[in-house]
Amino acid sequence: MELVSAPDPHFIPGYTGFCPQYKYRIGDTYGTTTHKLLLDPTVHHAEKLVLSDRLADDYQVVRPPQRDIDIVNARAVTNDTIYKHPIIPGYEGFVPREHNLMGQRFTVQATEALAEFEKLQSADKQALHELLRIGAVQDAKWYPNTLSDRELTSTQFKLPLTDVRPECAGILRNLPQVEAPLTPPRHSPSPYFMDNTDPEKYFKKGFAGHVPFGYAAFGKTNEAMTNSTLCDFTSNYRKRLSTEWAPVTISRADPPLLIKPTEIYHKHIGQLPNYGGHIPGAIFRFGKTYGNDSRDAKRWLRGDYN
């Protein structure tokens, strides 16, 4: 707040606005210091100490402004009658550019948003009209009246622009060139199982993991040593895979091809281990597997106890 009077001009204590040269004065009260500064002819300050006219509005800001109200009402006359000041609170329809405003009553926000939207629409229409006017002047459809319009007819680029092939216009363009195809990446294969002839079969310098067969290799560079140990590991792995870790095969006589599905006790093959039925004489025999013991189970009924 500022107090400006003819006999005793000064700023009221508590005023937080700008006071020229105030930070360089000490020793007096705020009112006395500002009084001296306002009367000092060597201190430059604005002729009008109060920037707003208190007599006209008494520091009261009216929202929405009358200009925005006139824009909205003029829009209701020329365009549509949906929006008209004042917009009643509770209206649930769409109000352009209103969702970004806050802190005011709905009527104020809606009126200011509609006024801003109408200003943007007018600016876009004016820009489009100016663009069409320039094109018409350069195309000899509009007689240039002013000097700026006459200069448009002699410019290098005229509207509307025409499509011209680069070779006809003498303009160098980036022509497509055939490039060699790129080799796709190998998605980081494991060096343990790379082929021994692969040049990438080695550990990068700084690898802190286990290096197979690395305890017996020394005196070489990191790349040569890890390549040698990995090749030894791969060869040893493939050798053991084909010998020690090969699946075991059991040779035995194949069952006869003719097996009656209705027969319970087959003569050449035994019962499955999970068979829960009766096996004649099984409780009196031991020392054999269930499959071998149940082969030809009817021999017990025939009197063959071997």
# chains A, B, ... in the order shown; residues from 1 in each chain; ligands from 1
call {"tool": "residues_around", "arguments": {"residues": "Gly214 in chain A", "least_positions_apart": "2", "cutoff": "10 Å", "atoms": "only C-alpha atoms", "output": "tab-separated table (two decimals) with C-alpha atoms, in the first residue's frame"}}
result
chain	number	residue	atom	x	y	z
A	210	HIS	CA	35.45	-69.34	-13.18
A	211	VAL	CA	37.81	-70.15	-16.05
A	212	PRO	CA	37.75	-73.92	-16.72
A	216	ALA	CA	47.23	-74.98	-15.67
A	217	ALA	CA	47.56	-72.09	-18.15
A	218	PHE	CA	49.89	-69.18	-17.58
A	225	MET	CA	44.93	-68.09	-22.42
A	226	THR	CA	41.11	-68.01	-22.10
A	228	SER	CA	42.97	-72.15	-25.09
A	229	THR	CA	41.24	-73.15	-21.86
A	230	LEU	CA	37.75	-72.76	-23.37
A	232	ASP	CA	40.03	-77.62	-23.97
A	233	PHE	CA	36.81	-77.44	-21.96
call {"tool": "residues_around", "arguments": {"residues": "Glu118 in chain A", "least_positions_apart": "3", "cutoff": "8 Å", "atoms": "only C-alpha atoms", "output": "PyMOL selection string"}}
result
chain A and resi 71-72+75+114-115+121-122
call {"tool": "residues_around", "arguments": {"residues": "Met194 in chain A", "least_positions_apart": "2", "cutoff": "12 Å", "atoms": "only C-alpha atoms", "output": "MDAnalysis selection string"}}
result
chainID A and resid 186 188:192 196:203 227 230:235 238
call {"tool": "closest_residue", "arguments": {"among": "A:Lys220, A:Lys267, A:Arg97, A:Lys298", "to": "Pro280 in chain A", "atoms": "only C-alpha atoms"}}
result
A:Lys298
call {"tool": "residues_around", "arguments": {"residues": "range 31-38 of chain A", "least_positions_apart": "2", "cutoff": "7 Å", "atoms": "only C-alpha atoms", "output": "PDB file with C-alpha atoms, in the first residue's frame"}}
result
ATOM      1  CA  PRO A   9       4.884  11.923   0.476  1.00  0.00           C
ATOM      2  CA  HIS A  10       6.224   8.644   1.880  1.00  0.00           C
ATOM      3  CA  PHE A  11       5.630   4.877   1.833  1.00  0.00           C
ATOM      4  CA  ILE A  12       3.630   3.379   4.685  1.00  0.00           C
ATOM      5  CA  PRO A  13       5.624   0.838   6.775  1.00  0.00           C
ATOM      6  CA  ASP A  28      16.081   6.485   9.970  1.00  0.00           C
ATOM      7  CA  THR A  29      12.636   4.975  10.103  1.00  0.00           C
ATOM      8  CA  ASP A  40      15.507  13.867  -3.342  1.00  0.00           C
ATOM      9  CA  VAL A  43      17.040   9.783  -7.078  1.00  0.00           C
TER      10      VAL A  43
END
call {"tool": "atom_distance", "arguments": {"atom1": "CA of Thr107 in chain A", "atom2": "CA of Lys84 in chain A"}}
result
10.3 Å
call {"tool": "residues_around", "arguments": {"residues": "Gly270 in chain A", "least_positions_apart": "3", "cutoff": "6 Å", "atoms": "only C-alpha atoms", "output": "PyMOL selection string"}}
result
chain A and resi 291-292+294-295
call {"tool": "closest_residue", "arguments": {"among": "A:Ile279, A:Ala110, A:Ala127, A:Ala136", "to": "Arg63 in chain A", "atoms": "only C-alpha atoms"}}
result
A:Ala110
call {"tool": "select_by_dssp", "arguments": {"residues": "range 170-247 of chain A", "states": "alpha helix (DSSP H)", "output": "VMD selection string"}}
result
chain A and resid 222 to 242
call {"tool": "decode", "arguments": {"residues": "range 98-121 of chain A", "atoms": "N, CA, C and O atoms", "output": "PDB file, in the first residue's frame"}}
result
ATOM      1  N   GLU A  98     -11.712 -24.112 -20.489  1.00  0.00           N
ATOM      2  CA  GLU A  98     -12.096 -23.827 -19.111  1.00  0.00           C
ATOM      3  C   GLU A  98     -11.447 -24.770 -18.114  1.00  0.00           C
ATOM      4  O   GLU A  98     -11.341 -24.459 -16.926  1.00  0.00           O
ATOM      5  N   HIS A  99     -10.990 -25.929 -18.587  1.00  0.00           N
ATOM      6  CA  HIS A  99     -10.480 -26.941 -17.664  1.00  0.00           C
ATOM      7  C   HIS A  99      -9.133 -26.545 -17.058  1.00  0.00           C
ATOM      8  O   HIS A  99      -8.717 -27.114 -16.055  1.00  0.00           O
ATOM      9  N   ASN A 100      -8.426 -25.572 -17.671  1.00  0.00           N
ATOM     10  CA  ASN A 100      -7.132 -25.154 -17.133  1.00  0.00           C
ATOM     11  C   ASN A 100      -7.243 -24.009 -16.131  1.00  0.00           C
ATOM     12  O   ASN A 100      -6.246 -23.621 -15.530  1.00  0.00           O
ATOM     13  N   LEU A 101      -8.425 -23.455 -15.967  1.00  0.00           N
ATOM     14  CA  LEU A 101      -8.615 -22.328 -15.064  1.00  0.00           C
ATOM     15  C   LEU A 101      -9.121 -22.823 -13.723  1.00  0.00           C
ATOM     16  O   LEU A 101      -9.883 -23.787 -13.641  1.00  0.00           O
ATOM     17  N   MET A 102      -8.710 -22.142 -12.669  1.00  0.00           N
ATOM     18  CA  MET A 102      -9.147 -22.520 -11.331  1.00  0.00           C
ATOM     19  C   MET A 102      -9.007 -21.299 -10.418  1.00  0.00           C
ATOM     20  O   MET A 102      -8.330 -20.328 -10.747  1.00  0.00           O
ATOM     21  N   GLY A 103      -9.668 -21.387  -9.273  1.00  0.00           N
ATOM     22  CA  GLY A 103      -9.545 -20.330  -8.283  1.00  0.00           C
ATOM     23  C   GLY A 103     -10.605 -19.262  -8.366  1.00  0.00           C
ATOM     24  O   GLY A 103     -10.599 -18.331  -7.560  1.00  0.00           O
ATOM     25  N   GLN A 104     -11.533 -19.346  -9.338  1.00  0.00           N
ATOM     26  CA  GLN A 104     -12.586 -18.354  -9.476  1.00  0.00           C
ATOM     27  C   GLN A 104     -13.936 -19.058  -9.570  1.00  0.00           C
ATOM     28  O   GLN A 104     -14.026 -20.284  -9.702  1.00  0.00           O
ATOM     29  N   ARG A 105     -14.978 -18.256  -9.497  1.00  0.00           N
ATOM     30  CA  ARG A 105     -16.325 -18.809  -9.662  1.00  0.00           C
ATOM     31  C   ARG A 105     -16.509 -19.349 -11.075  1.00  0.00           C
ATOM     32  O   ARG A 105     -15.818 -18.937 -12.008  1.00  0.00           O
ATOM     33  N   PHE A 106     -17.444 -20.279 -11.248  1.00  0.00           N
ATOM     34  CA  PHE A 106     -17.644 -20.919 -12.544  1.00  0.00           C
ATOM     35  C   PHE A 106     -18.024 -19.899 -13.609  1.00  0.00           C
ATOM     36  O   PHE A 106     -17.556 -19.964 -14.740  1.00  0.00           O
ATOM     37  N   THR A 107     -18.843 -18.941 -13.253  1.00  0.00           N
ATOM     38  CA  THR A 107     -19.271 -17.946 -14.235  1.00  0.00           C
ATOM     39  C   THR A 107     -18.086 -17.122 -14.729  1.00  0.00           C
ATOM     40  O   THR A 107     -17.949 -16.848 -15.926  1.00  0.00           O
ATOM     41  N   VAL A 108     -17.193 -16.753 -13.821  1.00  0.00           N
ATOM     42  CA  VAL A 108     -16.013 -15.970 -14.186  1.00  0.00           C
ATOM     43  C   VAL A 108     -15.084 -16.793 -15.068  1.00  0.00           C
ATOM     44  O   VAL A 108     -14.599 -16.334 -16.116  1.00  0.00           O
ATOM     45  N   GLN A 109     -14.814 -18.026 -14.660  1.00  0.00           N
ATOM     46  CA  GLN A 109     -13.905 -18.878 -15.423  1.00  0.00           C
ATOM     47  C   GLN A 109     -14.458 -19.171 -16.812  1.00  0.00           C
ATOM     48  O   GLN A 109     -13.715 -19.149 -17.796  1.00  0.00           O
ATOM     49  N   ALA A 110     -15.743 -19.466 -16.895  1.00  0.00           N
ATOM     50  CA  ALA A 110     -16.333 -19.792 -18.194  1.00  0.00           C
ATOM     51  C   ALA A 110     -16.302 -18.594 -19.125  1.00  0.00           C
ATOM     52  O   ALA A 110     -15.990 -18.718 -20.324  1.00  0.00           O
ATOM     53  N   THR A 111     -16.600 -17.409 -18.619  1.00  0.00           N
ATOM     54  CA  THR A 111     -16.592 -16.211 -19.471  1.00  0.00           C
ATOM     55  C   THR A 111     -15.187 -15.891 -19.961  1.00  0.00           C
ATOM     56  O   THR A 111     -14.971 -15.605 -21.147  1.00  0.00           O
ATOM     57  N   GLU A 112     -14.192 -15.938 -19.074  1.00  0.00           N
ATOM     58  CA  GLU A 112     -12.824 -15.659 -19.480  1.00  0.00           C
ATOM     59  C   GLU A 112     -12.294 -16.720 -20.442  1.00  0.00           C
ATOM     60  O   GLU A 112     -11.550 -16.394 -21.376  1.00  0.00           O
ATOM     61  N   ALA A 113     -12.666 -17.982 -20.222  1.00  0.00           N
ATOM     62  CA  ALA A 113     -12.215 -19.039 -21.133  1.00  0.00           C
ATOM     63  C   ALA A 113     -12.830 -18.876 -22.514  1.00  0.00           C
ATOM     64  O   ALA A 113     -12.149 -19.044 -23.533  1.00  0.00           O
ATOM     65  N   LEU A 114     -14.123 -18.542 -22.589  1.00  0.00           N
ATOM     66  CA  LEU A 114     -14.760 -18.324 -23.886  1.00  0.00           C
ATOM     67  C   LEU A 114     -14.164 -17.123 -24.601  1.00  0.00           C
ATOM     68  O   LEU A 114     -13.979 -17.144 -25.823  1.00  0.00           O
ATOM     69  N   ALA A 115     -13.853 -16.053 -23.854  1.00  0.00           N
ATOM     70  CA  ALA A 115     -13.239 -14.882 -24.472  1.00  0.00           C
ATOM     71  C   ALA A 115     -11.857 -15.221 -25.034  1.00  0.00           C
ATOM     72  O   ALA A 115     -11.507 -14.808 -26.146  1.00  0.00           O
ATOM     73  N   GLU A 116     -11.063 -15.987 -24.273  1.00  0.00           N
ATOM     74  CA  GLU A 116      -9.745 -16.384 -24.771  1.00  0.00           C
ATOM     75  C   GLU A 116      -9.860 -17.278 -26.003  1.00  0.00           C
ATOM     76  O   GLU A 116      -9.101 -17.138 -26.964  1.00  0.00           O
ATOM     77  N   PHE A 117     -10.828 -18.196 -25.980  1.00  0.00           N
ATOM     78  CA  PHE A 117     -11.035 -19.068 -27.131  1.00  0.00           C
ATOM     79  C   PHE A 117     -11.431 -18.265 -28.365  1.00  0.00           C
ATOM     80  O   PHE A 117     -10.952 -18.527 -29.480  1.00  0.00           O
ATOM     81  N   GLU A 118     -12.287 -17.274 -28.195  1.00  0.00           N
ATOM     82  CA  GLU A 118     -12.720 -16.452 -29.323  1.00  0.00           C
ATOM     83  C   GLU A 118     -11.568 -15.612 -29.858  1.00  0.00           C
ATOM     84  O   GLU A 118     -11.444 -15.400 -31.068  1.00  0.00           O
ATOM     85  N   LYS A 119     -10.680 -15.135 -28.960  1.00  0.00           N
ATOM     86  CA  LYS A 119      -9.510 -14.381 -29.408  1.00  0.00           C
ATOM     87  C   LYS A 119      -8.579 -15.265 -30.244  1.00  0.00           C
ATOM     88  O   LYS A 119      -8.046 -14.828 -31.276  1.00  0.00           O
ATOM     89  N   LEU A 120      -8.367 -16.506 -29.798  1.00  0.00           N
ATOM     90  CA  LEU A 120      -7.523 -17.421 -30.571  1.00  0.00           C
ATOM     91  C   LEU A 120      -8.146 -17.746 -31.920  1.00  0.00           C
ATOM     92  O   LEU A 120      -7.442 -17.839 -32.934  1.00  0.00           O
ATOM     93  N   GLN A 121      -9.467 -17.931 -31.951  1.00  0.00           N
ATOM     94  CA  GLN A 121     -10.149 -18.206 -33.222  1.00  0.00           C
ATOM     95  C   GLN A 121     -10.006 -17.022 -34.175  1.00  0.00           C
ATOM     96  O   GLN A 121      -9.767 -17.203 -35.377  1.00  0.00           O
TER      97      GLN A 121
END
